[in-house]
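Data first, discussion second: the structure below is written as structure tokens.
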Amino acid sequence: TPPGPVWVRLVGPAEVPRLAGVLARAFARDPMLTWPLVTGDGLPARIRGCFEAVDVPFAAEGWMLEAADGLGAMTLLPPGSSAREEELGEITAPAMAALSPDGGERYERFWAWTWSMLPDEPHWLLDQLAVEPDAQGRGIGGAMIRYAIGQSVADGLPLFLETAIPSNLDLYRRHGFEVFAQGDAALGGPHVWFLRRDPESVPGVTPGARP
């Protein structure tokens with residue numbers, strides 16, 4: 001990435017296959033993908049296929065963005081989109097079933113549990129966030145997080161996300177997020193942390209603590 005700002009922009013469905021590769025490489029060992037898709041033969045290709053199936057309709061809705069000319073990818077769901085997301089989940093369910101050795105059973109159970117953990121209030125959702133592994137550490141991920149924060153602050157609404165990678169927690173806390181719930185997915189699934197950032201949060205400051 002050259003010196004200067006990292007630009008974040010919306011992308012359309014035609015650009016999803018290119019970005020699906022970035023997402024698949026970044027999430028190659030993430031339990032939130034490897035466990036629902038059932039670790040086994042052809043997993044890297046199946047993870048990429050999962051992102052293509054999900055993100056083409058997401059991009060058509062205006063929910064997908066890229067950063068640094070495709071070195072970063074993000075899906076950001078606006079308030080009021082949960083019903084449409086559920087509709088899209090039903091549409092993509094056959095593709096998920098075809099990508100999973102168990103016919104999509106784990107995938108469906110895991111994401112139903114994940115969605116049930118989100119509070120029922122208007123919010124923005126930082127759903128996917130990925131940086132090409134060789135480009136990590138250049139501020140690309142931070143630029144996308146700040147973009148998402150900017151949208152939620154402009155609306156005066158909280159921003160939610162979830163992660164199953166413990167090392168991600170410090171990164172998100174530095175941007176003002178705090179864990180509001182955590183738990184183990186059913187049937188031996190991964191431990192997941194659910195984080196929230198309120199629009200008045202100060203990055204790097206624990207709520208209730210002095211700056």
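Chain identifiers are assigned as A, B, and so on, following the order in which chains appear in the structure tokens; residues are numbered from 1 within each chain, and ligands are numbered from 1 in order of appearance.
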
- Got a sec: who's within 9 Å of range 163-165 of chain A, counting only C-alpha atoms, leaving out chain neighbours fewer than 3 positions off, as a list in words?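 Near neighbours after the sequence-gap exclusion: Asp30, Pro31, Met32, Asn168, Leu169, Pro190, His191, Val192, Trp193, Phe194 and Leu195 of chain A.
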
Proximity check range 8-97 of chain A to range 136-153 of chain A, 9 Å, nearest pairs one decimal Å, only C-alpha atoms, as CSV:
```
residue,atom,partner,partner_atom,distance
A:Val8,CA,A:Met144,CA,6.6
A:Leu65,CA,A:Met144,CA,8.7
A:Glu66,CA,A:Met144,CA,8.3
A:Ala67,CA,A:Ile140,CA,6.7
A:Ala68,CA,A:Ile140,CA,6.8
A:Leu71,CA,A:Ile140,CA,7.7
A:Gly72,CA,A:Ile140,CA,6.4
A:Ala73,CA,A:Met144,CA,8.2
A:Met74,CA,A:Met144,CA,7.2
A:Leu76,CA,A:Ala148,CA,7.0
A:Pro78,CA,A:Ser152,CA,8.6
```

- Task: Would you list, as a PyMOL selection string, the residues of range 19-81 of chain A that end up in helix (DSSP H, G or I) under DSSP run on this structure's backbone?
- Result: chain A and resi 19-26+31-34+43-60

What would the file look like if the residues just selected were written as a compact mmCIF listing (two decimals), in the first residue's frame with C-alpha atoms?
```txt
# COMPACT_ATOMS: atom_id res chain seq x y z
CA LEU A 19 -12.47 -10.42 -3.22
CA ALA A 20 -13.63 -13.90 -2.25
CA GLY A 21 -10.04 -15.03 -2.66
CA VAL A 22 -8.86 -12.42 -0.15
CA LEU A 23 -11.57 -13.45 2.30
CA ALA A 24 -10.84 -17.16 1.89
CA ARG A 25 -7.12 -16.70 2.52
CA ALA A 26 -7.72 -14.44 5.52
CA PRO A 31 -13.22 -21.38 13.41
CA MET A 32 -16.26 -19.36 12.33
CA LEU A 33 -15.72 -20.74 8.82
CA THR A 34 -13.80 -23.98 9.30
CA LEU A 43 -11.91 -26.87 2.69
CA PRO A 44 -10.03 -23.84 1.21
CA ALA A 45 -12.05 -24.04 -2.00
CA ARG A 46 -15.27 -24.53 -0.06
CA ILE A 47 -14.54 -21.46 2.10
CA ARG A 48 -14.03 -19.41 -1.04
CA GLY A 49 -17.24 -20.81 -2.51
CA CYS A 50 -19.06 -19.83 0.68
CA PHE A 51 -17.95 -16.21 0.38
CA GLU A 52 -18.89 -16.07 -3.30
CA ALA A 53 -22.35 -17.47 -2.61
CA VAL A 54 -23.04 -15.10 0.29
CA ASP A 55 -21.37 -11.94 -0.98
CA VAL A 56 -22.76 -11.71 -4.50
CA PRO A 57 -26.24 -10.91 -3.11
CA PHE A 58 -24.68 -8.81 -0.34
CA ALA A 59 -22.88 -6.71 -2.94
CA ALA A 60 -26.11 -6.33 -4.89
```

- Which parts of range 1-156 of chain A does DSSP call strand (DSSP E or B) when run on the backbone here, written out as a PyMOL selection string? chain A and resi 8-10+64-67+72-77+124-131

- Message: From the options A:Pro5, A:Pro17, A:Gly89, A:Gly156, which residue's atoms come nearest to Gly70 in chain A, counting only C-alpha atoms?
- Response: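 Looking at the shortest contact to Gly70 in chain A, the residue is A:Pro17.
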
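Of the listed residues A:Leu37, A:Pro158, A:Ala135, A:Leu187, the one whose atoms come nearest to Ala98 in chain A is A:Leu37, with distances taken using only C-alpha atoms.
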
Cut-off 7 Å: closest range 77-99 of chain A/range 113-133 of chain A atom pairs per residue, using only C-alpha atoms, as a Markdown table:
```
| residue | atom | partner | partner_atom | distance |
| --- | --- | --- | --- | --- |
| A:Leu77 | CA | A:Leu125 | CA | 5.0 |
| A:Pro78 | CA | A:Trp124 | CA | 4.8 |
| A:Pro79 | CA | A:His123 | CA | 4.9 |
| A:Gly80 | CA | A:Pro122 | CA | 6.6 |
```

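Using only C-alpha atoms, the shortest contact distance between Arg197 in chain A and any of A:Pro166, A:Leu157, A:Ala181, A:Val16 is found at A:Leu157.
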
- Counting only C-alpha atoms, figure out which residue out of A:Pro36, A:Gly12, A:Gly188, A:Gly62 gets nearest to Ala97 in chain A.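 Checking each candidate against Ala97 in chain A, we get A:Pro36 as the closest.
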